[in-house]
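Engineer: Dumping the structure here so I can ask a few things about it.
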Amino acid sequence: MNKQELQLVESILAKKRRFAKWWLDTNGQEILNDLEEHFQVNFPVFQGSAGHFDPLDAMRRDAYREVFLYIRNQIKIIQQDDNQ
């Protein structure tokens with residue numbers, strides 16, 4: 001890896017660390033929890049009474065869930081890297 005590529009990788013890792021540290025802050029955790037509750041990411045994707053299932057609602061909820069899973073995963077990766 002040449003010097004320019006190495007600098008780019010280091011820059012990306014530094015950005016990810018700042019991102020994770022912001023979310024790990026008390027306010028960041030509170031905001032993330034509030035957003036998860038607002039977007040109902042902990043609800044089952046398939047909801048509704050029998051015969052009244054809305055596939056667009058399921059798709060929307062699943063997409064929201066993926067975003068929050070990505071954020072949580074990035075935080076976990078940075079925490080593991082910092083512990084090594």
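Going through the structure tokens in order, the chains are called A, B, and so on, while each chain numbers its residues from 1 and the ligands are numbered from 1 in the order shown.
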Tell me, as a list in words, which residues lie within 9 Å of Gln74 (chain A), counting only C-alpha atoms; anything in the same chain fewer than 3 positions away does not count.
Structural biologist: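 Final neighbour list, sorted by chain and number: Lys16, Arg17, Phe19, Ala20, Leu69, Tyr70, Ile71, Ile77, Ile78 and Gln79 of chain A.
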Engineer: Name the residues in contact with Asn33 (chain A) at a cut-off of 12 Å, using only C-alpha atoms, excluding same-chain residues fewer than 3 positions from it; report them as a count of residues only.
Structural biologist: 17
Engineer: Kindly indicate which residue among A:Val9, A:Ile75, A:Val67, A:Met59 lies nearest to Lys21 (chain A), using only C-alpha atoms for the distances.
Structural biologist: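 For Lys21 (chain A), the nearest of the given residues is A:Ile75.
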